[in-house]
file run35.pdb (PDB, C-alpha atoms)
ATOM      1  CA  MET A  19     112.650  77.124 136.143
ATOM      2  CA  ASN A  20     110.323  78.685 133.628
ATOM      3  CA  SER A  21     108.618  81.896 134.647
ATOM      4  CA  ARG A  22     105.190  83.019 133.457
ATOM      5  CA  PHE A  23     106.622  86.545 133.518
ATOM      6  CA  LYS A  24     108.982  85.719 130.663
ATOM      7  CA  THR A  25     105.939  85.225 128.452
ATOM      8  CA  ILE A  26     104.243  88.313 129.861
ATOM      9  CA  LYS A  27     107.251  90.609 129.394
ATOM     10  CA  ASN A  28     107.512  89.531 125.752
ATOM     11  CA  LEU A  29     103.995  90.867 125.153
ATOM     12  CA  PHE A  30     105.525  94.315 125.568
ATOM     13  CA  ILE A  31     108.447  94.013 123.167
ATOM     14  CA  ASP A  32     108.197  97.068 120.925
ATOM     15  CA  SER A  33     107.097  95.699 117.559
ATOM     16  CA  VAL A  34     105.063  96.754 114.519
ATOM     17  CA  GLU A  35     103.764  93.233 113.868
ATOM     18  CA  ILE A  36     100.019  93.248 113.278
ATOM     19  CA  ASN A  37      99.384  90.604 115.960
ATOM     20  CA  ASN A  38     100.681  93.153 118.492
ATOM     21  CA  PHE A  39      98.166  95.776 117.391
ATOM     22  CA  VAL A  40      95.791  96.678 120.215
ATOM     23  CA  GLU A  41      92.603  98.199 118.905
ATOM     24  CA  LEU A  42      91.293 101.097 120.950
ATOM     25  CA  ASP A  43      88.372 103.279 119.869
ATOM     26  CA  VAL A  44      90.717 106.094 118.886
ATOM     27  CA  THR A  45      93.115 103.868 116.916
ATOM     28  CA  LYS A  46      90.184 102.155 115.198
ATOM     29  CA  ARG A  47      88.784 105.529 114.084
ATOM     30  CA  LEU A  48      92.150 106.738 112.818
ATOM     31  CA  TYR A  49      92.841 103.499 110.982
ATOM     32  CA  GLU A  50      89.431 103.580 109.299
ATOM     33  CA  ARG A  51      90.072 107.175 108.281
ATOM     34  CA  LEU A  52      93.441 106.144 106.846
ATOM     35  CA  GLU A  53      91.834 103.399 104.749
ATOM     36  CA  GLU A  54      89.101 105.776 103.584
ATOM     37  CA  SER A  55      91.701 108.344 102.528
ATOM     38  CA  LEU A  56      92.997 105.891  99.937
ATOM     39  CA  ASP A  57      89.602 105.972  98.212
ATOM     40  CA  LYS A  58      89.754 109.754  97.857
ATOM     41  CA  PRO A  59      91.475 111.617  94.992
ATOM     42  CA  LEU A  60      94.454 112.515  97.179
ATOM     43  CA  LYS A  61      98.055 112.704  96.055
ATOM     44  CA  MET A  62      99.470 112.306  99.537
ATOM     45  CA  VAL A  63      98.327 111.413 103.018
ATOM     46  CA  LEU A  64     100.393 112.411 106.038
ATOM     47  CA  LEU A  65     100.448 110.250 109.153
ATOM     48  CA  PHE A  66     101.757 112.562 111.825
ATOM     49  CA  GLY A  67     102.714 112.032 115.464
ATOM     50  CA  LYS A  68     105.410 111.801 118.087
ATOM     51  CA  PRO A  69     107.715 108.756 118.107
ATOM     52  CA  GLY A  70     105.995 105.833 119.818
ATOM     53  CA  THR A  71     102.408 106.797 118.960
ATOM     54  CA  GLY A  72     101.929 103.881 116.539
ATOM     55  CA  LYS A  73     102.589 105.303 113.059
ATOM     56  CA  SER A  74     104.635 102.338 111.836
ATOM     57  CA  MET A  75     102.143  99.901 113.356
ATOM     58  CA  MET A  76      99.357 101.675 111.462
ATOM     59  CA  LEU A  77     101.235 101.373 108.156
ATOM     60  CA  ASN A  78     101.959  97.714 108.781
ATOM     61  CA  LYS A  79      98.295  97.016 109.510
ATOM     62  CA  LEU A  80      97.331  98.904 106.356
ATOM     63  CA  VAL A  81      99.587  96.886 104.060
ATOM     64  CA  ILE A  82      98.560  93.553 105.614
ATOM     65  CA  ASN A  83      94.858  94.355 105.297
ATOM     66  CA  LEU A  84      94.992  95.800 101.780
ATOM     67  CA  LYS A  85      97.682  93.766 100.018
ATOM     68  CA  ASN A  86      95.076  91.578  98.305
ATOM     69  CA  LYS A  87      92.810  94.509  97.415
ATOM     70  CA  ARG A  88      95.215  97.190  96.199
ATOM     71  CA  GLU A  89      98.582  97.548  94.577
ATOM     72  CA  ILE A  90     100.460  98.597  97.660
ATOM     73  CA  HIS A  91     104.144  98.722  98.626
ATOM     74  CA  TYR A  92     105.634  99.438 102.044
ATOM     75  CA  PHE A  93     109.142 100.860 102.510
ATOM     76  CA  GLU A  94     109.598 100.091 106.206
ATOM     77  CA  ALA A  95     113.056 101.653 106.429
ATOM     78  CA  PRO A  96     113.947 104.947 104.743
ATOM     79  CA  ILE A  97     115.896 104.595 101.484
ATOM     80  CA  LEU A  98     118.109 107.627 101.826
ATOM     81  CA  THR A  99     120.033 107.748  98.547
ATOM     82  CA  GLU A 100     118.216 108.960  95.454
ATOM     83  CA  LYS A 101     119.739 106.181  93.362
ATOM     84  CA  GLU A 102     118.421 103.417  95.623
ATOM     85  CA  PHE A 103     115.061 105.099  96.155
ATOM     86  CA  LEU A 104     114.313 105.508  92.430
ATOM     87  CA  LYS A 105     115.537 101.980  91.796
ATOM     88  CA  SER A 106     113.213 100.623  94.497
ATOM     89  CA  ILE A 107     110.230 102.553  93.124
ATOM     90  CA  TYR A 108     110.879 101.302  89.585
ATOM     91  CA  GLU A 109     111.412  97.689  90.671
ATOM     92  CA  ALA A 110     108.233  97.722  92.743
ATOM     93  CA  ILE A 111     106.132  99.063  89.864
ATOM     94  CA  SER A 112     107.697  97.078  87.009
ATOM     95  CA  SER A 113     108.500  93.856  88.887
ATOM     96  CA  LYS A 114     111.881  93.962  87.129
ATOM     97  CA  SER A 115     115.314  94.059  88.712
ATOM     98  CA  VAL A 116     117.725  96.842  87.860
ATOM     99  CA  PRO A 117     121.346  95.652  87.437
ATOM    100  CA  ALA A 118     123.719  96.969  90.094
ATOM    101  CA  ASN A 119     125.773  98.896  87.528
ATOM    102  CA  LEU A 120     122.775 100.813  86.200
ATOM    103  CA  ARG A 121     120.751 103.642  87.696
ATOM    104  CA  VAL A 122     117.160 104.719  87.114
ATOM    105  CA  ASN A 123     116.865 108.108  85.424
ATOM    106  CA  PHE A 124     114.219 110.209  87.158
ATOM    107  CA  ASP A 125     112.796 111.760  83.967
ATOM    108  CA  GLY A 126     112.493 108.291  82.470
ATOM    109  CA  LEU A 127     110.792 106.989  85.610
ATOM    110  CA  LEU A 128     108.377 109.924  85.574
ATOM    111  CA  LYS A 129     107.420 109.268  81.962
ATOM    112  CA  TYR A 130     106.986 105.567  82.710
ATOM    113  CA  VAL A 131     104.682 106.346  85.634
ATOM    114  CA  GLN A 132     102.705 108.845  83.539
ATOM    115  CA  SER A 133     102.174 106.151  80.890
ATOM    116  CA  LEU A 134     100.285 104.118  83.499
ATOM    117  CA  LYS A 135      97.663 106.803  84.115
ATOM    118  CA  GLY A 136      94.164 105.375  83.942
ATOM    119  CA  LYS A 137      95.531 101.829  84.040
ATOM    120  CA  ARG A 138      96.895 101.468  87.552
ATOM    121  CA  GLU A 139      96.730 103.181  90.930
ATOM    122  CA  ILE A 140      99.735 102.394  93.099
ATOM    123  CA  VAL A 141     100.092 103.146  96.790
ATOM    124  CA  PHE A 142     103.479 103.564  98.450
ATOM    125  CA  LEU A 143     103.804 103.702 102.232
ATOM    126  CA  LEU A 144     106.927 105.594 103.295
ATOM    127  CA  ASP A 145     107.965 105.541 106.942
ATOM    128  CA  GLU A 146     110.286 108.008 108.716
ATOM    129  CA  CYS A 147     110.138 110.630 105.958
ATOM    130  CA  GLN A 148     111.795 113.238 108.153
ATOM    131  CA  LEU A 149     115.037 111.479 107.181
ATOM    132  CA  TYR A 150     114.635 112.123 103.449
ATOM    133  CA  SER A 151     116.462 115.016 101.823
ATOM    134  CA  GLU A 152     114.629 118.008 100.410
ATOM    135  CA  ALA A 153     115.723 117.010  96.883
ATOM    136  CA  LEU A 154     114.305 113.517  97.290
ATOM    137  CA  MET A 155     111.063 114.865  98.761
ATOM    138  CA  GLU A 156     110.696 117.042  95.670
ATOM    139  CA  LYS A 157     110.877 113.944  93.457
ATOM    140  CA  ILE A 158     108.301 112.216  95.648
ATOM    141  CA  ARG A 159     106.028 115.221  95.166
ATOM    142  CA  LEU A 160     106.494 115.131  91.387
ATOM    143  CA  LEU A 161     105.687 111.418  91.308
ATOM    144  CA  SER A 162     102.527 112.070  93.309
ATOM    145  CA  ASP A 163     101.498 114.748  90.793
ATOM    146  CA  THR A 164     101.053 112.012  88.160
ATOM    147  CA  ARG A 165      98.062 110.735  90.179
ATOM    148  CA  VAL A 166      99.245 107.231  89.374
ATOM    149  CA  ILE A 167     101.224 106.928  92.609
ATOM    150  CA  LYS A 168      99.685 107.875  95.920
ATOM    151  CA  PHE A 169     102.010 108.248  98.895
ATOM    152  CA  VAL A 170     101.154 107.686 102.540
ATOM    153  CA  ILE A 171     104.045 109.131 104.524
ATOM    154  CA  THR A 172     104.889 109.380 108.199
ATOM    155  CA  LEU A 173     106.646 112.224 109.957
ATOM    156  CA  HIS A 174     107.630 112.665 113.577
ATOM    157  CA  LYS A 175     105.851 115.529 115.237
ATOM    158  CA  THR A 176     108.497 118.020 116.304
ATOM    159  CA  GLU A 177     108.758 121.730 115.685
ATOM    160  CA  ASP A 178     111.171 121.250 112.768
ATOM    161  CA  GLU A 179     109.218 118.447 111.155
ATOM    162  CA  ASP A 180     105.967 120.355 111.546
ATOM    163  CA  LEU A 181     107.638 122.975 109.365
ATOM    164  CA  ILE A 182     108.642 120.289 106.853
ATOM    165  CA  ALA A 183     105.059 119.120 106.646
ATOM    166  CA  LYS A 184     103.771 122.626 106.010
ATOM    167  CA  GLU A 185     106.462 123.887 103.672
ATOM    168  CA  HIS A 186     107.341 120.832 101.619
ATOM    169  CA  PHE A 187     103.900 119.476 100.880
ATOM    170  CA  LYS A 188     101.546 122.435 101.019
ATOM    171  CA  THR A 189      98.397 121.607  99.003
ATOM    172  CA  ARG A 190      99.663 118.193  97.925
ATOM    173  CA  ILE A 191      98.636 116.739 101.261
ATOM    174  CA  TRP A 192      94.880 116.686 101.367
ATOM    175  CA  ASP A 193      94.564 114.638 104.521
ATOM    176  CA  VAL A 194      96.597 114.821 107.721
ATOM    177  CA  ILE A 195      95.993 112.101 110.296
ATOM    178  CA  GLU A 196      97.548 112.829 113.656
ATOM    179  CA  LEU A 197      98.321 110.140 116.209
ATOM    180  CA  GLU A 198      98.649 111.199 119.828
ATOM    181  CA  ASN A 199      99.722 109.683 123.123
ATOM    182  CA  ALA A 200      97.044 107.755 125.008
ATOM    183  CA  ASN A 201      95.055 109.409 127.766
ATOM    184  CA  LEU A 202      94.758 107.669 131.140
ATOM    185  CA  ASP A 203      91.683 105.594 130.264
ATOM    186  CA  GLU A 204      93.098 104.583 126.876
ATOM    187  CA  LEU A 205      96.384 103.506 128.449
ATOM    188  CA  HIS A 206      94.546 101.447 131.062
ATOM    189  CA  LEU A 207      92.531  99.724 128.346
ATOM    190  CA  TYR A 208      95.683  99.136 126.279
ATOM    191  CA  ILE A 209      97.398  97.330 129.173
ATOM    192  CA  GLN A 210      94.257  95.346 130.025
ATOM    193  CA  LYS A 211      93.778  94.203 126.433
ATOM    194  CA  LYS A 212      97.419  93.194 126.090
ATOM    195  CA  LEU A 213      97.256  90.988 129.189
ATOM    196  CA  MET A 214      93.704  89.663 129.043
ATOM    197  CA  GLY A 215      94.038  88.881 125.356
ATOM    198  CA  GLU A 216      96.675  86.283 126.287
ATOM    199  CA  GLY A 217      94.733  84.975 129.276
ATOM    200  CA  PHE A 218      96.658  86.775 132.030
ATOM    201  CA  ILE A 219      93.534  88.005 133.805
ATOM    202  CA  GLU A 220      95.012  87.756 137.299
ATOM    203  CA  VAL A 221      98.026  89.812 136.292
ATOM    204  CA  SER A 222      95.825  92.409 134.581
ATOM    205  CA  ASN A 223      94.008  92.944 137.891
ATOM    206  CA  MET A 224      97.278  94.224 139.371
ATOM    207  CA  PHE A 225      96.957  97.304 137.162
ATOM    208  CA  THR A 226      94.585  99.379 139.210
ATOM    209  CA  GLN A 227      93.688 102.939 138.276
ATOM    210  CA  LYS A 228      96.286 104.148 140.770
ATOM    211  CA  VAL A 229      99.045 102.011 139.196
ATOM    212  CA  VAL A 230      98.158 103.029 135.640
ATOM    213  CA  LYS A 231      98.052 106.676 136.713
ATOM    214  CA  LEU A 232     101.685 106.401 137.805
ATOM    215  CA  ILE A 233     102.661 104.679 134.544
ATOM    216  CA  HIS A 234     100.922 107.443 132.601
ATOM    217  CA  LYS A 235     102.780 110.023 134.649
ATOM    218  CA  TYR A 236     106.121 108.412 133.747
ATOM    219  CA  THR A 237     105.415 107.673 130.060
ATOM    220  CA  ASN A 238     102.943 110.458 129.251
ATOM    221  CA  GLY A 239     100.768 107.794 127.626
ATOM    222  CA  ASN A 240     103.325 107.040 124.920
ATOM    223  CA  PHE A 241     102.870 103.427 123.762
ATOM    224  CA  ARG A 242     106.573 102.792 123.113
ATOM    225  CA  GLU A 243     107.602 104.164 126.505
ATOM    226  CA  THR A 244     104.815 102.205 128.194
ATOM    227  CA  ASN A 245     105.973  99.001 126.508
ATOM    228  CA  LYS A 246     109.518  99.692 127.671
ATOM    229  CA  PHE A 247     108.360 100.264 131.237
ATOM    230  CA  LEU A 248     106.189  97.129 131.360
ATOM    231  CA  TYR A 249     108.873  94.965 129.753
ATOM    232  CA  THR A 250     111.295  96.126 132.457
ATOM    233  CA  LEU A 251     108.697  95.619 135.191
ATOM    234  CA  PHE A 252     107.964  92.035 134.198
ATOM    235  CA  GLU A 253     111.643  91.286 133.648
ATOM    236  CA  ILE A 254     112.228  92.119 137.313
ATOM    237  CA  TYR A 255     109.176  90.053 138.276
ATOM    238  CA  GLU A 256     110.693  87.180 136.282
ATOM    239  CA  PHE A 257     113.960  87.459 138.201
ATOM    240  CA  TYR A 258     112.202  87.304 141.559
ATOM    241  CA  GLU A 259     109.910  84.463 140.543
ATOM    242  CA  ILE A 260     112.950  82.366 139.583
ATOM    243  CA  ASN A 261     115.269  83.353 142.429
ATOM    244  CA  GLU A 262     113.032  84.465 145.312
ATOM    245  CA  PRO A 263     109.511  83.238 144.507
ATOM    246  CA  HIS A 264     108.261  83.940 148.029
ATOM    247  CA  ARG A 265     108.514  87.675 147.204
ATOM    248  CA  VAL A 266     106.141  87.444 144.230
ATOM    249  CA  SER A 267     102.398  87.845 144.651
ATOM    250  CA  LEU A 268      99.662  88.518 142.124
ATOM    251  CA  ASP A 269      97.304  89.981 144.711
ATOM    252  CA  LYS A 270      98.592  93.480 144.000
ATOM    253  CA  MET A 271     101.409  95.323 142.287
ATOM    254  CA  SER A 272     104.684  95.122 144.181
ATOM    255  CA  LYS A 273     105.635  98.653 145.173
ATOM    256  CA  LYS A 274     109.293  97.609 145.396
ATOM    257  CA  ILE A 275     109.410  96.086 141.904
ATOM    258  CA  PHE A 276     107.444  98.995 140.439
ATOM    259  CA  GLU A 277     109.916 101.493 141.907
ATOM    260  CA  MET A 278     112.876  99.400 140.748
ATOM    261  CA  SER A 279     111.521  99.554 137.195
ATOM    262  CA  ALA A 280     111.074 103.310 137.402
ATOM    263  CA  LEU A 281     114.606 103.709 138.805
ATOM    264  CA  LYS A 282     116.140 101.520 136.116
ATOM    265  CA  LEU A 283     114.531 103.622 133.362
ATOM    266  CA  GLY A 284     115.403 106.933 135.010
ATOM    267  CA  TYR A 285     111.880 107.968 135.975
ATOM    268  CA  LEU A 286     112.902 108.093 139.637
ATOM    269  CA  LYS A 287     116.158 109.477 140.954
TER     270      LYS A 287
END
call {"tool": "encode", "arguments": {"input": "run35.pdb", "output": "C-alpha cells"}}
result
Amino acid sequence: MNSRFKTIKNLFIDSVEINNFVELDVTKRLYERLEESLDKPLKMVLLFGKPGTGKSMMLNKLVINLKNKREIHYFEAPILTEKEFLKSIYEAISSKSVPANLRVNFDGLLKYVQSLKGKREIVFLLDECQLYSEALMEKIRLLSDTRVIKFVITLHKTEDEDLIAKEHFKTRIWDVIELENANLDELHLYIQKKLMGEGFIEVSNMFTQKVVKLIHKYTNGNFRETNKFLYTLFEIYEFYEINEPHRVSLDKMSKKIFEMSALKLGYLK
C-alpha cells in the first residue's frame, strides 16, 4: 500500500537543492543583499550563521541564479589540503586540468590571477570555511587582494568561529550577512509553504499555532532540526497509515504521533 505520507515526509529531507528553497520575507531580503554584495567592490563576503540556518542553500541558489550572468564557481565541500585547493582554483579559472603528479605553485597562481586584472572578475563560493587551516585562509586572503577573485564564504556561528571571522579577515570582509533561526511566525509560514506548495492543504491545516509553537520550542526555529522533526513525524504517520489506517486522521494533529516523534528525537524524556 502506498502512503501519501511517504511523499510528504520526503518534502522534509534536508537538502540544499534549489527546488527545496522556501522563500520567506527574511530569506528573500538576505538573498537579495547577497546578490547585491557581488556588485560592490568587496574582496570577501561572509555568510554567517548557526548550522541549519540555510547558508548552503543560499549559496546553491546564488550559483544557480547567476551561473549564466557571472563567472562563478561553487566548492560545495571543503577542499582541506593546500595542494588540492590551489589545483581546484587554477583548474576552475584556466579550464585546464593539472596532471596528478604536478602541483600548483602558489606564487605562480597569484601572478596568473594578477595578470587577469581588468579582464575578468571571478566569484568563488566556499562553504564550511571553519574547516580550513589558518595557512590556507591566508592564501585565500591574498588571492582576494588581487581584486580579480571575490570570495563568498560561510562560517558556522560559534564562539570560536566568531573569533576566526574577526581575526582572520578583519577589513577584508566588507559585508557580513547573518542568517538566524526562524521565529514562530516564520516557522509556521515555512511549514505551510512546504505543504501547500505540493498541494497538501488538508495536512497543512493540522499545523495550528499551538502545534507549531511546540515544534519551535523543540527546534528553536532551526530549519534543519525542523526538517528532521517533520520527516520523523510523517514517517510515523506513514507507518500507521499502512498498518493501522483507522488510527490516522487529518482532522487534527495526532498527539500520540507527535509525542512519539519528539521521544524518538530526544526532545521528550
call {"tool": "resolve_selection", "arguments": {"input": "run35.pdb", "expression": "the PyMOL selection byres ((chain A and resi 60-73) around 9)", "output": "MDAnalysis selection string"}}
result
chainID A and resid 34 39 45 52 55:59 74:78 145 159 162:176 180 183 187 190:200 239:243
call {"tool": "resolve_selection", "arguments": {"input": "run35.pdb", "expression": "the PyMOL selection byres ((chain A and resi 250) around 10)", "output": "short mmCIF file (atom, residue, chain, number, x, y, z; two decimals) with C-alpha atoms, keeping the file's coordinate frame"}}
result
data_model
loop_
_atom_site.label_atom_id
_atom_site.label_comp_id
_atom_site.auth_asym_id
_atom_site.auth_seq_id
_atom_site.Cartn_x
_atom_site.Cartn_y
_atom_site.Cartn_z
CA LYS A 27 107.25 90.61 129.39
CA PHE A 30 105.52 94.32 125.57
CA ILE A 31 108.45 94.01 123.17
CA THR A 244 104.82 102.20 128.19
CA ASN A 245 105.97 99.00 126.51
CA LYS A 246 109.52 99.69 127.67
CA PHE A 247 108.36 100.26 131.24
CA LEU A 248 106.19 97.13 131.36
CA TYR A 249 108.87 94.96 129.75
CA LEU A 251 108.70 95.62 135.19
CA PHE A 252 107.96 92.04 134.20
CA GLU A 253 111.64 91.29 133.65
CA ILE A 254 112.23 92.12 137.31
CA TYR A 255 109.18 90.05 138.28
CA GLU A 256 110.69 87.18 136.28
CA ILE A 275 109.41 96.09 141.90
CA PHE A 276 107.44 99.00 140.44
CA MET A 278 112.88 99.40 140.75
CA SER A 279 111.52 99.55 137.20
CA ALA A 280 111.07 103.31 137.40
CA LYS A 282 116.14 101.52 136.12
CA LEU A 283 114.53 103.62 133.36
#
call {"tool": "resolve_selection", "arguments": {"input": "run35.pdb", "expression": "the PyMOL selection byres ((chain A and resi 221) around 10)", "output": "NGL selection string"}}
result
:A and (23 or 26 or 210 or 213-214 or 217-220 or 222-225 or 267-271)
call {"tool": "closest_residue", "arguments": {"input": "run35.pdb", "among": "A:Lys101, A:Arg47, A:Lys114, A:Lys211", "to": "A:Leu29", "atoms": "only C-alpha atoms"}}
result
A:Lys211
call {"tool": "atom_distance", "arguments": {"input": "run35.pdb", "atom1": "atom CA of A:Lys79", "atom2": "atom CA of A:Val44"}}
result
15.1 Å
call {"tool": "closest_residue", "arguments": {"input": "run35.pdb", "among": "A:Lys235, A:Lys212, A:His206, A:Lys24", "to": "A:Asn38", "atoms": "only C-alpha atoms"}}
result
A:Lys212
call {"tool": "atom_distance", "arguments": {"input": "run35.pdb", "atom1": "atom CA of A:Ala118", "atom2": "atom CA of A:Cys147"}}
result
25.0 Å
call {"tool": "atom_distance", "arguments": {"input": "run35.pdb", "atom1": "atom CA of A:Asn86", "atom2": "atom CA of A:Ile140"}}
result
12.9 Å
call {"tool": "closest_residue", "arguments": {"input": "run35.pdb", "among": "A:Leu160, A:Val141, A:Leu128, A:Val40", "to": "A:Glu89", "atoms": "only C-alpha atoms"}}
result
A:Val141
call {"tool": "closest_residue", "arguments": {"input": "run35.pdb", "among": "A:Ile260, A:Leu104, A:Ala95, A:Leu80", "to": "A:Lys46", "atoms": "all atoms listed in the file"}}
result
A:Leu80
call {"tool": "decode", "arguments": {"input": "run35.pdb", "residues": "stretch 139-159 of chain A", "atoms": "N, CA, C and O atoms", "output": "PDB file, in the first residue's frame"}}
result
ATOM      1  N   GLU A 139      36.364  39.079 -13.678  1.00  0.00           N
ATOM      2  CA  GLU A 139      36.019  39.104 -12.250  1.00  0.00           C
ATOM      3  C   GLU A 139      35.399  37.767 -11.933  1.00  0.00           C
ATOM      4  O   GLU A 139      34.372  37.394 -12.499  1.00  0.00           O
ATOM      5  N   ILE A 140      36.041  37.030 -11.028  1.00  0.00           N
ATOM      6  CA  ILE A 140      35.670  35.634 -10.771  1.00  0.00           C
ATOM      7  C   ILE A 140      35.176  35.509  -9.329  1.00  0.00           C
ATOM      8  O   ILE A 140      35.814  36.005  -8.396  1.00  0.00           O
ATOM      9  N   VAL A 141      34.059  34.851  -9.171  1.00  0.00           N
ATOM     10  CA  VAL A 141      33.479  34.657  -7.844  1.00  0.00           C
ATOM     11  C   VAL A 141      33.621  33.193  -7.446  1.00  0.00           C
ATOM     12  O   VAL A 141      33.278  32.291  -8.215  1.00  0.00           O
ATOM     13  N   PHE A 142      34.159  32.976  -6.255  1.00  0.00           N
ATOM     14  CA  PHE A 142      34.224  31.628  -5.684  1.00  0.00           C
ATOM     15  C   PHE A 142      33.359  31.586  -4.424  1.00  0.00           C
ATOM     16  O   PHE A 142      33.470  32.456  -3.552  1.00  0.00           O
ATOM     17  N   LEU A 143      32.514  30.569  -4.346  1.00  0.00           N
ATOM     18  CA  LEU A 143      31.684  30.342  -3.168  1.00  0.00           C
ATOM     19  C   LEU A 143      32.293  29.175  -2.388  1.00  0.00           C
ATOM     20  O   LEU A 143      32.408  28.063  -2.915  1.00  0.00           O
ATOM     21  N   LEU A 144      32.696  29.452  -1.166  1.00  0.00           N
ATOM     22  CA  LEU A 144      33.366  28.440  -0.337  1.00  0.00           C
ATOM     23  C   LEU A 144      32.511  28.139   0.890  1.00  0.00           C
ATOM     24  O   LEU A 144      32.288  29.016   1.731  1.00  0.00           O
ATOM     25  N   ASP A 145      32.061  26.908   0.996  1.00  0.00           N
ATOM     26  CA  ASP A 145      31.217  26.516   2.125  1.00  0.00           C
ATOM     27  C   ASP A 145      32.080  25.901   3.237  1.00  0.00           C
ATOM     28  O   ASP A 145      33.159  25.370   2.983  1.00  0.00           O
ATOM     29  N   GLU A 146      31.588  25.996   4.462  1.00  0.00           N
ATOM     30  CA  GLU A 146      32.205  25.353   5.631  1.00  0.00           C
ATOM     31  C   GLU A 146      33.656  25.798   5.849  1.00  0.00           C
ATOM     32  O   GLU A 146      34.549  24.983   6.103  1.00  0.00           O
ATOM     33  N   CYS A 147      33.900  27.091   5.776  1.00  0.00           N
ATOM     34  CA  CYS A 147      35.282  27.586   5.858  1.00  0.00           C
ATOM     35  C   CYS A 147      35.891  27.460   7.248  1.00  0.00           C
ATOM     36  O   CYS A 147      37.106  27.647   7.402  1.00  0.00           O
ATOM     37  N   GLN A 148      35.094  27.138   8.242  1.00  0.00           N
ATOM     38  CA  GLN A 148      35.672  26.913   9.567  1.00  0.00           C
ATOM     39  C   GLN A 148      36.586  25.689   9.568  1.00  0.00           C
ATOM     40  O   GLN A 148      37.380  25.499  10.492  1.00  0.00           O
ATOM     41  N   LEU A 149      36.498  24.872   8.519  1.00  0.00           N
ATOM     42  CA  LEU A 149      37.328  23.667   8.439  1.00  0.00           C
ATOM     43  C   LEU A 149      38.685  23.927   7.787  1.00  0.00           C
ATOM     44  O   LEU A 149      39.566  23.068   7.838  1.00  0.00           O
ATOM     45  N   TYR A 150      38.849  25.094   7.165  1.00  0.00           N
ATOM     46  CA  TYR A 150      40.129  25.395   6.522  1.00  0.00           C
ATOM     47  C   TYR A 150      41.184  25.784   7.555  1.00  0.00           C
ATOM     48  O   TYR A 150      40.882  26.388   8.581  1.00  0.00           O
ATOM     49  N   SER A 151      42.424  25.479   7.235  1.00  0.00           N
ATOM     50  CA  SER A 151      43.532  25.828   8.130  1.00  0.00           C
ATOM     51  C   SER A 151      43.824  27.321   8.041  1.00  0.00           C
ATOM     52  O   SER A 151      43.447  27.993   7.066  1.00  0.00           O
ATOM     53  N   GLU A 152      44.520  27.818   9.050  1.00  0.00           N
ATOM     54  CA  GLU A 152      44.897  29.233   9.052  1.00  0.00           C
ATOM     55  C   GLU A 152      45.809  29.554   7.864  1.00  0.00           C
ATOM     56  O   GLU A 152      45.675  30.607   7.239  1.00  0.00           O
ATOM     57  N   ALA A 153      46.709  28.631   7.523  1.00  0.00           N
ATOM     58  CA  ALA A 153      47.624  28.857   6.396  1.00  0.00           C
ATOM     59  C   ALA A 153      46.863  28.955   5.084  1.00  0.00           C
ATOM     60  O   ALA A 153      47.179  29.805   4.228  1.00  0.00           O
ATOM     61  N   LEU A 154      45.853  28.102   4.919  1.00  0.00           N
ATOM     62  CA  LEU A 154      45.070  28.140   3.687  1.00  0.00           C
ATOM     63  C   LEU A 154      44.199  29.386   3.628  1.00  0.00           C
ATOM     64  O   LEU A 154      44.031  30.004   2.565  1.00  0.00           O
ATOM     65  N   MET A 155      43.670  29.807   4.779  1.00  0.00           N
ATOM     66  CA  MET A 155      42.871  31.035   4.814  1.00  0.00           C
ATOM     67  C   MET A 155      43.729  32.243   4.438  1.00  0.00           C
ATOM     68  O   MET A 155      43.253  33.189   3.812  1.00  0.00           O
ATOM     69  N   GLU A 156      44.993  32.217   4.810  1.00  0.00           N
ATOM     70  CA  GLU A 156      45.884  33.319   4.448  1.00  0.00           C
ATOM     71  C   GLU A 156      46.045  33.400   2.928  1.00  0.00           C
ATOM     72  O   GLU A 156      46.054  34.487   2.342  1.00  0.00           O
ATOM     73  N   LYS A 157      46.137  32.266   2.271  1.00  0.00           N
ATOM     74  CA  LYS A 157      46.261  32.253   0.808  1.00  0.00           C
ATOM     75  C   LYS A 157      44.960  32.733   0.154  1.00  0.00           C
ATOM     76  O   LYS A 157      44.983  33.415  -0.873  1.00  0.00           O
ATOM     77  N   ILE A 158      43.840  32.364   0.741  1.00  0.00           N
ATOM     78  CA  ILE A 158      42.554  32.853   0.240  1.00  0.00           C
ATOM     79  C   ILE A 158      42.499  34.374   0.348  1.00  0.00           C
ATOM     80  O   ILE A 158      42.055  35.075  -0.568  1.00  0.00           O
ATOM     81  N   ARG A 159      42.992  34.897   1.461  1.00  0.00           N
ATOM     82  CA  ARG A 159      43.012  36.354   1.639  1.00  0.00           C
ATOM     83  C   ARG A 159      43.909  37.019   0.593  1.00  0.00           C
ATOM     84  O   ARG A 159      43.558  38.070   0.031  1.00  0.00           O
TER      85      ARG A 159
END
